[in-house]
>>> print(open('entry.csv').read())   # CSV, C-alpha atoms and all ligand atoms
chain,number,residue,atom,x,y,z
A,1,MET,CA,0.0,0.0,0.0
A,2,LEU,CA,1.2,3.5,-0.9
A,3,LEU,CA,1.0,6.1,1.8
A,4,PRO,CA,1.1,9.8,0.9
A,5,GLN,CA,4.4,11.3,1.6
A,6,LEU,CA,4.1,13.9,4.3
A,7,ASP,CA,7.3,15.5,3.1
A,8,SER,CA,5.6,16.4,-0.1
A,9,LEU,CA,3.4,18.9,1.8
A,10,ASP,CA,6.5,20.9,2.8
A,11,GLY,CA,6.8,24.2,1.0
A,12,ILE,CA,3.2,24.7,0.3
A,13,GLU,CA,2.4,28.1,1.6
A,14,ALA,CA,-0.5,27.8,3.9
A,15,GLN,CA,-1.9,31.1,2.9
A,16,VAL,CA,-5.7,31.0,3.2
A,17,ALA,CA,-7.9,33.7,2.0
A,18,ILE,CA,-10.9,34.0,4.2
A,19,ILE,CA,-14.0,36.1,3.4
A,20,GLN,CA,-15.5,37.4,6.5
A,21,MET,CA,-18.8,39.2,6.7
A,22,THR,CA,-19.0,42.2,8.9
A,23,ALA,CA,-22.0,44.5,9.4
A,24,GLY,CA,-23.2,44.7,5.8
A,25,ASP,CA,-19.9,44.5,3.9
A,26,TRP,CA,-17.7,41.7,2.8
A,27,ARG,CA,-14.0,42.0,3.7
A,28,PRO,CA,-11.4,39.6,2.4
A,29,VAL,CA,-8.9,38.8,5.1
A,30,VAL,CA,-5.7,36.9,4.4
A,31,ALA,CA,-4.5,34.7,7.3
A,32,ASP,CA,-1.0,33.3,7.6
A,33,GLY,CA,-2.3,29.8,8.2
A,34,PRO,CA,-4.6,27.7,10.4
A,35,GLY,CA,-5.3,29.3,13.7
A,36,SER,CA,-3.8,32.7,12.9
A,37,MET,CA,-5.5,35.9,13.7
A,38,LEU,CA,-8.0,36.9,11.1
A,39,CYS,CA,-8.7,40.5,12.0
A,40,SER,CA,-9.1,42.3,15.2
A,41,VAL,CA,-12.6,43.3,16.3
A,42,MET,CA,-11.8,44.2,19.9
A,43,ARG,CA,-9.2,46.9,19.9
A,44,VAL,CA,-8.3,50.3,21.3
A,45,ALA,CA,-6.7,53.2,19.5
A,46,ILE,CA,-3.3,54.1,21.0
A,47,LEU,CA,-4.0,57.7,20.3
A,48,ASP,CA,-7.2,57.6,22.4
A,49,LEU,CA,-5.1,56.1,25.3
A,50,ARG,CA,-2.6,58.9,24.9
A,51,ARG,CA,-5.4,61.4,25.1
A,52,GLY,CA,-6.5,60.0,28.4
A,53,LEU,CA,-9.2,57.6,27.4
A,54,GLU,CA,-10.5,56.0,30.6
A,55,THR,CA,-13.3,53.6,29.6
A,56,PHE,CA,-14.3,51.9,26.3
A,57,SER,CA,-16.5,49.0,25.2
A,58,ALA,CA,-16.8,46.7,22.3
A,59,GLU,CA,-19.0,43.8,21.1
A,60,ALA,CA,-18.3,41.0,18.7
A,61,GLU,CA,-19.8,37.8,17.4
A,62,PRO,CA,-18.0,34.7,18.8
A,63,ALA,CA,-16.9,33.7,15.3
A,64,GLU,CA,-15.2,37.1,14.8
A,65,LEU,CA,-13.1,36.4,17.9
A,66,GLY,CA,-12.3,32.9,16.7
A,67,LEU,CA,-14.2,31.3,19.6
A,68,PRO,CA,-15.5,27.7,19.3
A,69,GLY,CA,-19.2,28.3,18.4
A,70,ASP,CA,-20.5,25.2,20.1
A,71,TRP,CA,-19.4,26.5,23.5
A,72,PHE,CA,-19.9,30.2,22.7
A,73,PRO,CA,-23.0,30.8,20.5
A,74,HIS,CA,-23.8,34.3,21.8
A,75,ARG,CA,-22.3,37.8,21.4
A,76,VAL,CA,-19.4,38.8,23.5
A,77,ALA,CA,-19.3,42.2,25.3
A,78,LEU,CA,-16.2,43.9,26.5
A,79,ALA,CA,-16.1,46.8,29.0
A,80,ALA,CA,-12.6,48.2,29.8
A,81,THR,CA,-11.1,50.8,32.0
A,82,ALA,CA,-7.7,52.1,31.3
A,83,ALA,CA,-5.2,53.8,33.6
A,84,ALA,CA,-1.8,55.3,32.7
A,85,VAL,CA,1.2,53.5,34.1
A,86,PRO,CA,4.9,54.2,33.5
A,87,GLY,CA,5.6,53.3,29.9
A,88,GLY,CA,2.0,52.6,28.9
A,89,TRP,CA,-1.4,51.7,30.3
A,90,CYS,CA,-3.0,49.1,32.5
A,91,LEU,CA,-6.3,47.8,31.3
A,92,ASP,CA,-9.0,46.1,33.4
A,93,LEU,CA,-11.3,44.1,31.1
A,94,GLU,CA,-14.7,42.8,31.9
A,95,ILE,CA,-15.8,40.2,29.4
A,96,ARG,CA,-19.4,39.0,29.3
A,97,THR,CA,-21.2,36.4,27.3
A,98,VAL,CA,-23.5,33.4,27.7
A,99,ALA,CA,-21.9,30.0,27.1
A,100,ARG,CA,-23.6,26.8,26.1
A,101,ARG,CA,-22.5,23.6,27.6
A,102,ALA,CA,-23.9,20.0,27.8
A,103,CYS,CA,-23.4,18.2,31.1
A,104,ASP,CA,-20.9,15.4,30.6
A,105,ARG,CA,-22.9,13.1,32.9
A,106,CYS,CA,-26.6,13.7,32.1
A,107,LEU,CA,-26.3,15.6,28.8
A,108,ALA,CA,-28.6,18.4,29.9
A,109,GLU,CA,-27.8,21.6,28.0
A,110,LEU,CA,-27.2,24.7,30.1
A,111,GLU,CA,-26.5,28.3,29.1
A,112,PRO,CA,-24.4,29.7,32.0
A,113,ALA,CA,-23.7,33.4,32.1
A,114,VAL,CA,-20.0,34.1,31.9
A,115,LEU,CA,-18.2,37.1,33.4
A,116,GLU,CA,-14.4,37.1,33.2
A,117,GLN,CA,-12.2,39.8,34.6
A,118,GLU,CA,-8.8,40.1,33.1
A,119,ARG,CA,-6.0,42.7,33.6
A,120,CYS,CA,-3.5,43.4,30.8
A,121,TRP,CA,-0.9,45.9,30.0
A,122,ILE,CA,-0.2,47.9,26.8
A,123,LEU,CA,3.4,49.1,27.0
A,124,GLU,CA,5.5,51.1,24.6
A,125,GLN,CA,8.2,49.1,22.9
A,126,GLY,CA,11.3,48.7,25.2
A,127,GLN,CA,9.3,49.3,28.4
A,128,ALA,CA,8.2,45.7,28.7
A,129,ALA,CA,11.4,43.9,29.4
A,130,GLY,CA,11.0,41.5,32.3
A,131,GLN,CA,7.6,42.8,33.2
A,132,ARG,CA,4.5,40.8,34.2
A,133,GLU,CA,3.0,37.8,32.4
A,134,GLU,CA,3.9,38.0,28.7
A,135,ASP,CA,0.5,36.6,27.5
A,136,ARG,CA,-1.2,39.7,28.9
A,137,LEU,CA,1.3,42.2,27.7
A,138,LEU,CA,0.9,44.0,24.5
A,139,GLU,CA,3.9,45.9,23.2
A,140,VAL,CA,3.2,48.7,20.8
A,141,ALA,CA,5.6,50.1,18.3
A,142,PRO,CA,5.9,54.0,18.1
A,143,ASP,CA,3.8,54.1,14.9
A,144,GLN,CA,1.3,51.5,15.9
A,145,GLU,CA,-2.3,52.8,15.8
A,146,TRP,CA,-4.2,50.0,17.6
A,147,ALA,CA,-3.7,47.6,20.4
A,148,GLU,CA,-5.5,44.3,19.5
A,149,LEU,CA,-7.4,42.7,22.4
A,150,ASP,CA,-9.0,39.8,20.6
A,151,GLN,CA,-6.6,37.1,21.8
A,152,ILE,CA,-6.7,38.2,25.4
A,153,VAL,CA,-10.5,38.1,25.3
A,154,ARG,CA,-10.5,34.7,23.5
A,155,ASP,CA,-8.0,33.2,25.9
A,156,ALA,CA,-9.9,34.5,29.0
A,157,LEU,CA,-13.1,32.9,27.9
A,158,CYS,CA,-11.7,29.6,26.6
A,159,LEU,CA,-9.4,29.0,29.6
A,160,ALA,CA,-12.1,29.7,32.1
A,161,GLN,CA,-14.4,27.0,30.6
A,162,PRO,CA,-13.9,23.6,32.3
A,163,GLU,CA,-13.0,20.7,29.9
A,164,TYR,CA,-15.4,18.5,31.9
A,165,PHE,CA,-18.6,20.2,32.5
A,166,LEU,CA,-21.2,19.2,35.1
A,167,CYS,CA,-24.7,20.7,35.5
A,168,ALA,CA,-24.2,20.3,39.2
A,169,SER,CA,-21.4,18.8,41.3
A,170,ASP,CA,-23.9,16.1,42.5
A,171,CYS,CA,-25.3,15.3,39.0
A,172,ARG,CA,-26.5,11.7,39.1
A,173,GLY,CA,-26.2,11.2,35.3
A,174,LEU,CA,-28.1,8.8,33.1
A,175,CYS,CA,-29.1,5.2,34.0
A,176,PRO,CA,-26.8,3.0,31.9
A,177,GLY,CA,-29.6,0.5,31.5
A,178,CYS,CA,-32.6,2.6,30.3
A,179,GLY,CA,-31.1,6.1,29.8
A,180,GLN,CA,-33.4,7.8,32.4
A,181,ASN,CA,-32.0,11.1,33.7
A,182,LEU,CA,-31.5,10.1,37.3
A,183,ASN,CA,-31.7,13.8,38.4
A,184,GLU,CA,-35.4,13.7,37.4
A,185,ARG,CA,-36.5,10.4,38.9
A,186,ASP,CA,-35.3,6.9,39.7
A,187,CYS,CA,-36.0,4.3,37.1
A,188,GLY,CA,-35.7,1.2,39.3
A,189,CYS,CA,-33.2,-0.5,37.1
A,190,ARG,CA,-30.7,-2.8,38.9
A,191,PRO,CA,-27.0,-1.9,38.3
A,192,PRO,CA,-25.9,-4.1,35.3
A,193,ALA,CA,-23.7,-7.1,36.1
A,194,PRO,CA,-20.1,-6.6,35.0
A,195,ALA,CA,-19.6,-8.0,31.5
A,196,SER,CA,-17.5,-11.1,31.2
A,197,PRO,CA,-14.7,-10.9,28.6
A,198,LEU,CA,-15.7,-14.4,27.5
A,199,GLN,CA,-19.3,-13.4,26.8
A,200,ALA,CA,-18.5,-12.5,23.2
A,201,LEU,CA,-17.5,-16.1,22.6
A,202,ALA,CA,-20.9,-17.5,23.7
A,203,GLY,CA,-22.7,-16.9,20.4
A,204,LEU,CA,-19.8,-18.1,18.2
A,205,ARG,CA,-19.9,-21.6,16.6
A,206,ARG,CA,-17.3,-23.1,14.4
A,207,PRO,CA,-18.7,-23.4,10.8
A,208,ASP,CA,-19.4,-27.0,10.0
B,301,ZN,ZN,-25.9,16.7,34.7
B,302,ZN,ZN,-32.8,2.7,34.3
>>> encode(input="entry.csv", output="structure tokens")
Amino acid sequence: MLLPQLDSLDGIEAQVAIIQMTAGDWRPVVADGPGSMLCSVMRVAILDLRRGLETFSAEAEPAELGLPGDWFPHRVALAATAAAVPGGWCLDLEIRTVARRACDRCLAELEPAVLEQERCWILEQGQAAGQREEDRLLEVAPDQEWAELDQIVRDALCLAQPEYFLCASDCRGLCPGCGQNLNERDCGCRPPAPASPLQALAGLRRPD
């Protein structure tokens, strides 16, 4: 059997052109490859910060922020306050949305309200050395117009969602026998006997 040679994929530029719809107009955006930033929808103008901007807000669709749509089907709202610090600004972000999760035990769907608070820093180039956590630090070049907050917002929402989601810590799950949601009522099934590994052989006969 011939397997495709993975080496042959080398050198193919993973430039993907993506058409993204925004409020009534189509904008082609070129991404560098899978998972790269498309375009920023939550951002703040550096000039506004220089002029003493104290609060700002933004809203975006989850897809615009690159959020997984099955967990985040609703719009995301950002409210931010900015304060000048040496070399830049400190931003306190309040990120709100409503998530959608299915309980991993009973499969019930819930839409929990999400409020994440995140602090980040926007610092002029050269001011950032050795400071604070790098993932929440945005360095801006002298001629840079905008500081992009998409990734900080996306990370704050994704990292706060538990991989294993339960509707309640004492969720009783589904009956393995009849599928009844045991949070709603007991079904009366007996716990199933442990399956014997030899059981699969019981129905087998050698062909005559
Ligand atoms: Zn549950
Ligand atoms: Zn049952």
>>> atom_distance(input="entry.csv", atom1="CA of Arg100 in chain A", atom2="CA of Thr55 in chain A")
28.9 Å
>>> atom_distance(input="entry.csv", atom1="CA of Gln127 in chain A", atom2="CA of Phe56 in chain A")
23.8 Å
>>> closest_residue(input="entry.csv", among="A:Met42, A:Ala108, A:Cys189, A:Leu182", to="Ala80 in chain A", atoms="all atoms listed in the file")
A:Met42
>>> residues_near_ligand(input="entry.csv", ligand="ligand ZN 301 (chain B)", cutoff="8 Å", atoms="all atoms listed in the file", output="list in words")
Ala102, Cys103, Asp104, Arg105, Cys106, Leu107, Ala108, Leu166, Cys167, Ala168, Cys171, Arg172, Gly173 and Asn183 of chain A
>>> atom_distance(input="entry.csv", atom1="CA of Val44 in chain A", atom2="CA of Leu115 in chain A")
20.5 Å
>>> closest_atom_pairs(input="entry.csv", of="chain A", to="ligand ZN 302 (chain B)", cutoff="10 Å", atoms="all atoms listed in the file", output="CSV")
residue,atom,partner,partner_atom,distance
A:Leu174,CA,B:ZN302,ZN,7.8
A:Cys175,CA,B:ZN302,ZN,4.5
A:Pro176,CA,B:ZN302,ZN,6.5
A:Gly177,CA,B:ZN302,ZN,4.8
A:Cys178,CA,B:ZN302,ZN,4.0
A:Gly179,CA,B:ZN302,ZN,5.9
A:Gln180,CA,B:ZN302,ZN,5.5
A:Asn181,CA,B:ZN302,ZN,8.5
A:Leu182,CA,B:ZN302,ZN,8.1
A:Arg185,CA,B:ZN302,ZN,9.7
A:Asp186,CA,B:ZN302,ZN,7.3
A:Cys187,CA,B:ZN302,ZN,4.5
A:Gly188,CA,B:ZN302,ZN,6.0
A:Cys189,CA,B:ZN302,ZN,4.3
A:Arg190,CA,B:ZN302,ZN,7.5
A:Pro191,CA,B:ZN302,ZN,8.4
A:Pro192,CA,B:ZN302,ZN,9.7
>>> closest_residue(input="entry.csv", among="A:Val41, A:Arg154, A:Glu145, A:Gly126", to="Thr97 in chain A", atoms="all atoms listed in the file")
A:Arg154
>>> closest_residue(input="entry.csv", among="A:Glu124, A:Leu49, A:Val140, A:Glu118", to="Ala82 in chain A", atoms="all atoms listed in the file")
A:Leu49
>>> residues_near_point(input="entry.csv", point="(-4.1, 47.3, 26.1)", cutoff="6 Å", atoms="only C-alpha atoms", output="MDAnalysis selection string")
chainID A and resid 91 121:122 147
>>> residues_around(input="entry.csv", residues="Val153 in chain A", least_positions_apart="2", cutoff="12 Å", atoms="only C-alpha atoms", output="PyMOL selection string")
chain A and resi 40-43+58-60+62+64-67+76-80+92-97+115-120+135-136+148-151+155-160
>>> closest_residue(input="entry.csv", among="A:Glu61, A:Phe165, A:Gly88, A:Asp170", to="Ala141 in chain A", atoms="all atoms listed in the file")
A:Gly88
>>> decode(input="entry.csv", residues="range 39-160 of chain A", atoms="C-alpha atoms", output="short mmCIF file (atom, residue, chain, number, x, y, z; two decimals), in the first residue's frame")
data_model
loop_
_atom_site.label_atom_id
_atom_site.label_comp_id
_atom_site.auth_asym_id
_atom_site.auth_seq_id
_atom_site.Cartn_x
_atom_site.Cartn_y
_atom_site.Cartn_z
CA CYS A 39 -8.66 40.54 11.96
CA SER A 40 -9.13 42.29 15.20
CA VAL A 41 -12.61 43.27 16.28
CA MET A 42 -11.83 44.23 19.87
CA ARG A 43 -9.17 46.86 19.92
CA VAL A 44 -8.32 50.26 21.29
CA ALA A 45 -6.68 53.19 19.52
CA ILE A 46 -3.31 54.09 21.02
CA LEU A 47 -4.00 57.74 20.26
CA ASP A 48 -7.15 57.61 22.40
CA LEU A 49 -5.14 56.13 25.26
CA ARG A 50 -2.56 58.91 24.88
CA ARG A 51 -5.37 61.45 25.06
CA GLY A 52 -6.48 60.01 28.39
CA LEU A 53 -9.24 57.55 27.41
CA GLU A 54 -10.54 56.00 30.63
CA THR A 55 -13.28 53.60 29.57
CA PHE A 56 -14.31 51.91 26.35
CA SER A 57 -16.46 49.01 25.25
CA ALA A 58 -16.81 46.66 22.30
CA GLU A 59 -19.04 43.84 21.12
CA ALA A 60 -18.34 40.99 18.74
CA GLU A 61 -19.78 37.78 17.42
CA PRO A 62 -18.01 34.68 18.78
CA ALA A 63 -16.88 33.73 15.26
CA GLU A 64 -15.20 37.11 14.81
CA LEU A 65 -13.14 36.39 17.91
CA GLY A 66 -12.29 32.86 16.74
CA LEU A 67 -14.19 31.28 19.64
CA PRO A 68 -15.51 27.72 19.30
CA GLY A 69 -19.17 28.26 18.36
CA ASP A 70 -20.51 25.17 20.12
CA TRP A 71 -19.40 26.54 23.49
CA PHE A 72 -19.93 30.21 22.69
CA PRO A 73 -23.03 30.79 20.54
CA HIS A 74 -23.78 34.32 21.81
CA ARG A 75 -22.31 37.78 21.38
CA VAL A 76 -19.38 38.79 23.53
CA ALA A 77 -19.30 42.16 25.26
CA LEU A 78 -16.19 43.87 26.54
CA ALA A 79 -16.07 46.77 28.97
CA ALA A 80 -12.64 48.16 29.77
CA THR A 81 -11.10 50.76 31.99
CA ALA A 82 -7.65 52.14 31.26
CA ALA A 83 -5.17 53.78 33.60
CA ALA A 84 -1.80 55.27 32.70
CA VAL A 85 1.24 53.50 34.15
CA PRO A 86 4.93 54.21 33.51
CA GLY A 87 5.61 53.33 29.86
CA GLY A 88 2.01 52.63 28.93
CA TRP A 89 -1.40 51.69 30.27
CA CYS A 90 -2.97 49.11 32.52
CA LEU A 91 -6.35 47.83 31.31
CA ASP A 92 -8.99 46.09 33.37
CA LEU A 93 -11.27 44.09 31.12
CA GLU A 94 -14.73 42.79 31.93
CA ILE A 95 -15.79 40.20 29.40
CA ARG A 96 -19.39 39.00 29.35
CA THR A 97 -21.20 36.40 27.31
CA VAL A 98 -23.47 33.38 27.72
CA ALA A 99 -21.87 30.01 27.10
CA ARG A 100 -23.65 26.84 26.06
CA ARG A 101 -22.53 23.57 27.58
CA ALA A 102 -23.89 20.05 27.81
CA CYS A 103 -23.44 18.23 31.12
CA ASP A 104 -20.92 15.44 30.65
CA ARG A 105 -22.94 13.13 32.92
CA CYS A 106 -26.63 13.74 32.13
CA LEU A 107 -26.28 15.57 28.77
CA ALA A 108 -28.56 18.41 29.92
CA GLU A 109 -27.85 21.63 28.01
CA LEU A 110 -27.20 24.73 30.05
CA GLU A 111 -26.47 28.32 29.13
CA PRO A 112 -24.37 29.66 31.99
CA ALA A 113 -23.67 33.39 32.13
CA VAL A 114 -19.97 34.09 31.88
CA LEU A 115 -18.17 37.06 33.42
CA GLU A 116 -14.40 37.07 33.18
CA GLN A 117 -12.19 39.77 34.59
CA GLU A 118 -8.77 40.14 33.12
CA ARG A 119 -5.98 42.66 33.60
CA CYS A 120 -3.55 43.40 30.79
CA TRP A 121 -0.89 45.93 29.99
CA ILE A 122 -0.22 47.94 26.85
CA LEU A 123 3.36 49.14 26.95
CA GLU A 124 5.47 51.14 24.56
CA GLN A 125 8.24 49.11 22.94
CA GLY A 126 11.26 48.74 25.16
CA GLN A 127 9.28 49.30 28.36
CA ALA A 128 8.17 45.73 28.65
CA ALA A 129 11.42 43.90 29.41
CA GLY A 130 11.00 41.49 32.27
CA GLN A 131 7.60 42.78 33.22
CA ARG A 132 4.51 40.82 34.15
CA GLU A 133 3.04 37.83 32.38
CA GLU A 134 3.89 37.96 28.70
CA ASP A 135 0.54 36.61 27.52
CA ARG A 136 -1.24 39.65 28.88
CA LEU A 137 1.28 42.17 27.74
CA LEU A 138 0.85 44.03 24.47
CA GLU A 139 3.92 45.85 23.20
CA VAL A 140 3.18 48.67 20.80
CA ALA A 141 5.56 50.14 18.26
CA PRO A 142 5.88 53.95 18.10
CA ASP A 143 3.84 54.10 14.86
CA GLN A 144 1.26 51.51 15.90
CA GLU A 145 -2.31 52.78 15.78
CA TRP A 146 -4.21 50.03 17.55
CA ALA A 147 -3.72 47.56 20.38
CA GLU A 148 -5.54 44.33 19.55
CA LEU A 149 -7.38 42.70 22.43
CA ASP A 150 -8.99 39.76 20.60
CA GLN A 151 -6.57 37.13 21.77
CA ILE A 152 -6.70 38.20 25.41
CA VAL A 153 -10.50 38.10 25.30
CA ARG A 154 -10.53 34.73 23.52
CA ASP A 155 -8.03 33.17 25.94
CA ALA A 156 -9.85 34.51 28.99
CA LEU A 157 -13.13 32.93 27.86
CA CYS A 158 -11.69 29.61 26.64
CA LEU A 159 -9.38 28.98 29.58
CA ALA A 160 -12.15 29.65 32.09
#
